[in-house]
Amino acid sequence: FDPHGKAVLKQLYVKPGQQGTGIGSQVLLHLLGLMPSCRCIELEVEPSNKGAIAFYEKHGFSITDKVEDCGNTGHLVEALIMTRKT
């Protein structure tokens with residue numbers, strides 16, 4: 001959470017057998033509730049992860065950019081940046 005009110009979600013993983021049960025939504029909404037002064041939240045997602053993209057879009061995120069090195073790991077995996085204004 002930076003001084004400008006931007007938070008970065010590093011990872012939210014739900015086991016495949018638990019996907020679609022609402023637990024991911026509950027966790028995300030809980031996290032958002034912990035940051036009442038947060039103005040926006042940003043995350044990275046692999047372009048091929050259509051389920052994750054749809055999940056985040058359902059929760060008000062939109063694709064705002066892309067990077068060539070997801071997580072700055074040096075592995076050069078492309079990622080979409082998704083942002084939600086709060």
# chains A, B, ... in the order shown; residues from 1 in each chain; ligands from 1
call {"tool": "select_by_dssp", "arguments": {"residues": "region 2-61 of chain A", "states": "alpha helix (DSSP H)", "output": "ChimeraX atom specification"}}
result
/A:23-33,50-58
call {"tool": "write_last_selection", "arguments": {"atoms": "N, CA and C atoms", "output": "CSV table (one decimal), in the first residue's frame"}}
result
chain,number,residue,atom,x,y,z
A,23,ILE,N,-15.3,-18.8,-2.3
A,23,ILE,CA,-14.3,-18.5,-1.3
A,23,ILE,C,-13.3,-17.4,-1.8
A,24,GLY,N,-13.0,-17.4,-3.1
A,24,GLY,CA,-12.1,-16.4,-3.7
A,24,GLY,C,-12.8,-15.0,-3.5
A,25,SER,N,-14.1,-14.9,-3.8
A,25,SER,CA,-14.8,-13.6,-3.7
A,25,SER,C,-14.8,-13.2,-2.2
A,26,GLN,N,-15.0,-14.1,-1.3
A,26,GLN,CA,-15.0,-13.8,0.1
A,26,GLN,C,-13.6,-13.2,0.6
A,27,VAL,N,-12.5,-13.9,0.1
A,27,VAL,CA,-11.2,-13.4,0.5
A,27,VAL,C,-10.9,-12.1,-0.1
A,28,LEU,N,-11.2,-11.9,-1.4
A,28,LEU,CA,-11.0,-10.6,-2.0
A,28,LEU,C,-11.7,-9.5,-1.4
A,29,LEU,N,-13.0,-9.7,-1.1
A,29,LEU,CA,-13.8,-8.6,-0.4
A,29,LEU,C,-13.3,-8.3,1.0
A,30,HIS,N,-12.9,-9.4,1.7
A,30,HIS,CA,-12.3,-9.2,3.0
A,30,HIS,C,-11.1,-8.3,2.9
A,31,LEU,N,-10.2,-8.6,2.0
A,31,LEU,CA,-9.0,-7.8,1.8
A,31,LEU,C,-9.3,-6.4,1.5
A,32,LEU,N,-10.2,-6.2,0.6
A,32,LEU,CA,-10.6,-4.8,0.3
A,32,LEU,C,-11.1,-4.0,1.5
A,33,GLY,N,-11.9,-4.7,2.3
A,33,GLY,CA,-12.4,-4.1,3.6
A,33,GLY,C,-11.3,-3.8,4.6
A,50,LYS,N,-7.9,-17.3,-18.4
A,50,LYS,CA,-9.3,-16.7,-18.7
A,50,LYS,C,-10.2,-16.7,-17.5
A,51,GLY,N,-10.1,-17.8,-16.7
A,51,GLY,CA,-10.9,-17.9,-15.5
A,51,GLY,C,-10.6,-16.8,-14.5
A,52,ALA,N,-9.3,-16.5,-14.3
A,52,ALA,CA,-8.9,-15.5,-13.3
A,52,ALA,C,-9.3,-14.1,-13.9
A,53,ILE,N,-9.1,-13.9,-15.2
A,53,ILE,CA,-9.5,-12.6,-15.8
A,53,ILE,C,-11.0,-12.4,-15.6
A,54,ALA,N,-11.8,-13.4,-15.8
A,54,ALA,CA,-13.2,-13.2,-15.7
A,54,ALA,C,-13.6,-13.0,-14.2
A,55,PHE,N,-12.9,-13.7,-13.3
A,55,PHE,CA,-13.2,-13.5,-11.8
A,55,PHE,C,-12.9,-12.0,-11.5
A,56,TYR,N,-11.7,-11.5,-11.9
A,56,TYR,CA,-11.4,-10.1,-11.5
A,56,TYR,C,-12.3,-9.1,-12.2
A,57,GLU,N,-12.7,-9.4,-13.4
A,57,GLU,CA,-13.6,-8.4,-14.1
A,57,GLU,C,-14.9,-8.4,-13.4
A,58,LYS,N,-15.4,-9.6,-12.9
A,58,LYS,CA,-16.6,-9.6,-12.1
A,58,LYS,C,-16.6,-8.8,-10.9
call {"tool": "closest_residue", "arguments": {"among": "A:Pro16, A:Thr86, A:Leu76, A:Cys70", "to": "Leu43 (chain A)", "atoms": "only C-alpha atoms"}}
result
A:Cys70
call {"tool": "select_by_dssp", "arguments": {"residues": "chain A", "states": "strand (DSSP E)", "output": "list of chain:residue names"}}
result
A:Lys6, A:Ala7, A:Val8, A:Leu9, A:Cys40, A:Ile41, A:Glu42, A:Leu43, A:Glu44, A:Val45, A:Ser62, A:Ile63, A:Thr64, A:Asp65, A:Lys66, A:Val67, A:Ala79, A:Leu80, A:Ile81, A:Met82, A:Thr83, A:Arg84, A:Lys85
call {"tool": "atom_distance", "arguments": {"atom1": "CA of Lys66 (chain A)", "atom2": "CA of Leu12 (chain A)"}}
result
18.6 Å
call {"tool": "residues_around", "arguments": {"residues": "Ser62 (chain A)", "least_positions_apart": "6", "cutoff": "10 Å", "atoms": "only C-alpha atoms", "output": "PyMOL selection string"}}
result
chain A and resi 42+53-54+56+80-85
call {"tool": "atom_distance", "arguments": {"atom1": "CA of Lys6 (chain A)", "atom2": "CA of Arg39 (chain A)"}}
result
5.8 Å
call {"tool": "residues_around", "arguments": {"residues": "Val8 (chain A)", "least_positions_apart": "3", "cutoff": "9 Å", "atoms": "only C-alpha atoms", "output": "JSON, numbers by chain"}}
result
{"A": [1, 2, 40, 41, 42, 43, 44]}
call {"tool": "write_last_selection", "arguments": {"atoms": "N, CA and C atoms", "output": "short mmCIF file (atom, residue, chain, number, x, y, z; two decimals), in the first residue's frame"}}
result
data_model
loop_
_atom_site.label_atom_id
_atom_site.label_comp_id
_atom_site.auth_asym_id
_atom_site.auth_seq_id
_atom_site.Cartn_x
_atom_site.Cartn_y
_atom_site.Cartn_z
N PHE A 1 0.86 -1.16 0.00
CA PHE A 1 0.00 0.00 0.00
C PHE A 1 0.90 1.22 0.00
N ASP A 2 0.90 1.97 -1.08
CA ASP A 2 1.82 3.10 -1.18
C ASP A 2 1.18 4.40 -0.68
N CYS A 40 -6.94 2.47 -5.19
CA CYS A 40 -6.98 1.49 -6.28
C CYS A 40 -6.14 0.29 -5.89
N ILE A 41 -6.46 -0.83 -6.51
CA ILE A 41 -5.72 -2.06 -6.28
C ILE A 41 -5.34 -2.61 -7.65
N GLU A 42 -4.12 -3.11 -7.74
CA GLU A 42 -3.57 -3.57 -9.00
C GLU A 42 -3.03 -4.99 -8.83
N LEU A 43 -3.08 -5.76 -9.91
CA LEU A 43 -2.56 -7.12 -9.89
C LEU A 43 -2.10 -7.50 -11.28
N GLU A 44 -1.37 -8.60 -11.36
CA GLU A 44 -0.93 -9.15 -12.64
C GLU A 44 -1.55 -10.53 -12.81
#
call {"tool": "residues_around", "arguments": {"residues": "Glu78 (chain A)", "least_positions_apart": "2", "cutoff": "12 Å", "atoms": "only C-alpha atoms", "output": "JSON, numbers by chain"}}
result
{"A": [44, 45, 46, 47, 48, 49, 65, 66, 67, 68, 69, 70, 71, 72, 73, 74, 75, 76, 80, 81]}
call {"tool": "decode", "arguments": {"residues": "region 65-79 of chain A", "atoms": "all heavy atoms", "output": "PDB file, in the first residue's frame"}}
result
ATOM      1  N   ASP A  65      -3.021  -2.516 -18.647  1.00  0.00           N
ATOM      2  CA  ASP A  65      -1.684  -2.508 -19.244  1.00  0.00           C
ATOM      3  C   ASP A  65      -1.194  -3.948 -19.350  1.00  0.00           C
ATOM      4  O   ASP A  65      -1.915  -4.885 -18.997  1.00  0.00           O
ATOM      5  CB  ASP A  65      -0.718  -1.698 -18.377  1.00  0.00           C
ATOM      6  CG  ASP A  65       0.463  -1.127 -19.166  1.00  0.00           C
ATOM      7  OD1 ASP A  65       0.639  -1.477 -20.348  1.00  0.00           O
ATOM      8  OD2 ASP A  65       1.212  -0.325 -18.580  1.00  0.00           O
ATOM      9  N   LYS A  66       0.023  -4.128 -19.808  1.00  0.00           N
ATOM     10  CA  LYS A  66       0.655  -5.445 -19.785  1.00  0.00           C
ATOM     11  C   LYS A  66       2.139  -5.259 -19.527  1.00  0.00           C
ATOM     12  O   LYS A  66       2.706  -4.197 -19.753  1.00  0.00           O
ATOM     13  CB  LYS A  66       0.388  -6.237 -21.058  1.00  0.00           C
ATOM     14  CG  LYS A  66       1.079  -5.746 -22.280  1.00  0.00           C
ATOM     15  CD  LYS A  66       0.774  -6.664 -23.444  1.00  0.00           C
ATOM     16  CE  LYS A  66       1.515  -6.181 -24.677  1.00  0.00           C
ATOM     17  NZ  LYS A  66       1.325  -7.066 -25.809  1.00  0.00           N
ATOM     18  N   VAL A  67       2.748  -6.306 -19.008  1.00  0.00           N
ATOM     19  CA  VAL A  67       4.186  -6.313 -18.744  1.00  0.00           C
ATOM     20  C   VAL A  67       4.797  -7.543 -19.391  1.00  0.00           C
ATOM     21  O   VAL A  67       4.111  -8.539 -19.620  1.00  0.00           O
ATOM     22  CB  VAL A  67       4.503  -6.287 -17.224  1.00  0.00           C
ATOM     23  CG1 VAL A  67       4.063  -4.984 -16.595  1.00  0.00           C
ATOM     24  CG2 VAL A  67       3.886  -7.459 -16.505  1.00  0.00           C
ATOM     25  N   GLU A  68       6.070  -7.464 -19.666  1.00  0.00           N
ATOM     26  CA  GLU A  68       6.779  -8.585 -20.298  1.00  0.00           C
ATOM     27  C   GLU A  68       7.396  -9.529 -19.270  1.00  0.00           C
ATOM     28  O   GLU A  68       7.855 -10.598 -19.623  1.00  0.00           O
ATOM     29  CB  GLU A  68       7.861  -8.049 -21.240  1.00  0.00           C
ATOM     30  CG  GLU A  68       7.310  -7.168 -22.355  1.00  0.00           C
ATOM     31  CD  GLU A  68       6.341  -7.893 -23.271  1.00  0.00           C
ATOM     32  OE1 GLU A  68       6.570  -9.070 -23.595  1.00  0.00           O
ATOM     33  OE2 GLU A  68       5.334  -7.271 -23.651  1.00  0.00           O
ATOM     34  N   ASP A  69       7.436  -9.118 -17.989  1.00  0.00           N
ATOM     35  CA  ASP A  69       8.104  -9.929 -16.965  1.00  0.00           C
ATOM     36  C   ASP A  69       7.237  -9.963 -15.708  1.00  0.00           C
ATOM     37  O   ASP A  69       7.442  -9.176 -14.778  1.00  0.00           O
ATOM     38  CB  ASP A  69       9.490  -9.359 -16.669  1.00  0.00           C
ATOM     39  CG  ASP A  69      10.304 -10.243 -15.731  1.00  0.00           C
ATOM     40  OD1 ASP A  69       9.948 -11.426 -15.551  1.00  0.00           O
ATOM     41  OD2 ASP A  69      11.295  -9.752 -15.184  1.00  0.00           O
ATOM     42  N   CYS A  70       6.292 -10.868 -15.673  1.00  0.00           N
ATOM     43  CA  CYS A  70       5.356 -10.999 -14.554  1.00  0.00           C
ATOM     44  C   CYS A  70       6.105 -11.108 -13.228  1.00  0.00           C
ATOM     45  O   CYS A  70       6.967 -11.972 -13.066  1.00  0.00           O
ATOM     46  CB  CYS A  70       4.481 -12.231 -14.762  1.00  0.00           C
ATOM     47  SG  CYS A  70       3.242 -12.494 -13.502  1.00  0.00           S
ATOM     48  N   GLY A  71       5.808 -10.209 -12.305  1.00  0.00           N
ATOM     49  CA  GLY A  71       6.420 -10.241 -10.990  1.00  0.00           C
ATOM     50  C   GLY A  71       7.885  -9.833 -10.964  1.00  0.00           C
ATOM     51  O   GLY A  71       8.556  -9.988  -9.959  1.00  0.00           O
ATOM     52  N   ASN A  72       8.389  -9.328 -12.083  1.00  0.00           N
ATOM     53  CA  ASN A  72       9.810  -8.947 -12.185  1.00  0.00           C
ATOM     54  C   ASN A  72      10.737 -10.074 -11.732  1.00  0.00           C
ATOM     55  O   ASN A  72      11.693  -9.858 -11.002  1.00  0.00           O
ATOM     56  CB  ASN A  72      10.091  -7.675 -11.381  1.00  0.00           C
ATOM     57  CG  ASN A  72       9.411  -6.475 -11.975  1.00  0.00           C
ATOM     58  OD1 ASN A  72       9.406  -6.305 -13.190  1.00  0.00           O
ATOM     59  ND2 ASN A  72       8.820  -5.655 -11.139  1.00  0.00           N
ATOM     60  N   THR A  73      10.436 -11.289 -12.187  1.00  0.00           N
ATOM     61  CA  THR A  73      11.211 -12.453 -11.760  1.00  0.00           C
ATOM     62  C   THR A  73      12.401 -12.751 -12.656  1.00  0.00           C
ATOM     63  O   THR A  73      13.247 -13.565 -12.304  1.00  0.00           O
ATOM     64  CB  THR A  73      10.315 -13.705 -11.745  1.00  0.00           C
ATOM     65  OG1 THR A  73       9.840 -13.942 -13.086  1.00  0.00           O
ATOM     66  CG2 THR A  73       9.151 -13.545 -10.785  1.00  0.00           C
ATOM     67  N   GLY A  74      12.423 -12.133 -13.834  1.00  0.00           N
ATOM     68  CA  GLY A  74      13.485 -12.436 -14.785  1.00  0.00           C
ATOM     69  C   GLY A  74      13.159 -13.608 -15.691  1.00  0.00           C
ATOM     70  O   GLY A  74      13.957 -13.980 -16.535  1.00  0.00           O
ATOM     71  N   HIS A  75      11.970 -14.198 -15.521  1.00  0.00           N
ATOM     72  CA  HIS A  75      11.572 -15.342 -16.350  1.00  0.00           C
ATOM     73  C   HIS A  75      10.890 -14.920 -17.647  1.00  0.00           C
ATOM     74  O   HIS A  75      10.560 -15.759 -18.476  1.00  0.00           O
ATOM     75  CB  HIS A  75      10.647 -16.281 -15.556  1.00  0.00           C
ATOM     76  CG  HIS A  75      11.349 -16.934 -14.416  1.00  0.00           C
ATOM     77  ND1 HIS A  75      11.192 -16.529 -13.121  1.00  0.00           N
ATOM     78  CD2 HIS A  75      12.248 -17.946 -14.387  1.00  0.00           C
ATOM     79  CE1 HIS A  75      11.939 -17.269 -12.333  1.00  0.00           C
ATOM     80  NE2 HIS A  75      12.594 -18.138 -13.064  1.00  0.00           N
ATOM     81  N   LEU A  76      10.644 -13.628 -17.774  1.00  0.00           N
ATOM     82  CA  LEU A  76      10.051 -13.053 -18.982  1.00  0.00           C
ATOM     83  C   LEU A  76       8.718 -13.708 -19.363  1.00  0.00           C
ATOM     84  O   LEU A  76       8.485 -14.066 -20.515  1.00  0.00           O
ATOM     85  CB  LEU A  76      11.046 -13.101 -20.145  1.00  0.00           C
ATOM     86  CG  LEU A  76      12.359 -12.358 -19.893  1.00  0.00           C
ATOM     87  CD1 LEU A  76      13.291 -12.503 -21.082  1.00  0.00           C
ATOM     88  CD2 LEU A  76      12.122 -10.894 -19.561  1.00  0.00           C
ATOM     89  N   VAL A  77       7.846 -13.842 -18.371  1.00  0.00           N
ATOM     90  CA  VAL A  77       6.495 -14.337 -18.603  1.00  0.00           C
ATOM     91  C   VAL A  77       5.588 -13.115 -18.720  1.00  0.00           C
ATOM     92  O   VAL A  77       5.532 -12.285 -17.810  1.00  0.00           O
ATOM     93  CB  VAL A  77       6.031 -15.248 -17.441  1.00  0.00           C
ATOM     94  CG1 VAL A  77       4.576 -15.645 -17.620  1.00  0.00           C
ATOM     95  CG2 VAL A  77       6.920 -16.465 -17.358  1.00  0.00           C
ATOM     96  N   GLU A  78       4.892 -13.009 -19.843  1.00  0.00           N
ATOM     97  CA  GLU A  78       3.998 -11.878 -20.061  1.00  0.00           C
ATOM     98  C   GLU A  78       2.820 -11.919 -19.092  1.00  0.00           C
ATOM     99  O   GLU A  78       2.344 -12.991 -18.734  1.00  0.00           O
ATOM    100  CB  GLU A  78       3.476 -11.904 -21.491  1.00  0.00           C
ATOM    101  CG  GLU A  78       2.613 -10.718 -21.844  1.00  0.00           C
ATOM    102  CD  GLU A  78       2.126 -10.758 -23.279  1.00  0.00           C
ATOM    103  OE1 GLU A  78       2.917 -10.412 -24.171  1.00  0.00           O
ATOM    104  OE2 GLU A  78       0.960 -11.141 -23.485  1.00  0.00           O
ATOM    105  N   ALA A  79       2.368 -10.757 -18.670  1.00  0.00           N
ATOM    106  CA  ALA A  79       1.198 -10.675 -17.777  1.00  0.00           C
ATOM    107  C   ALA A  79       0.392  -9.428 -18.130  1.00  0.00           C
ATOM    108  O   ALA A  79       0.932  -8.425 -18.605  1.00  0.00           O
ATOM    109  CB  ALA A  79       1.634 -10.603 -16.320  1.00  0.00           C
TER     110      ALA A  79
END
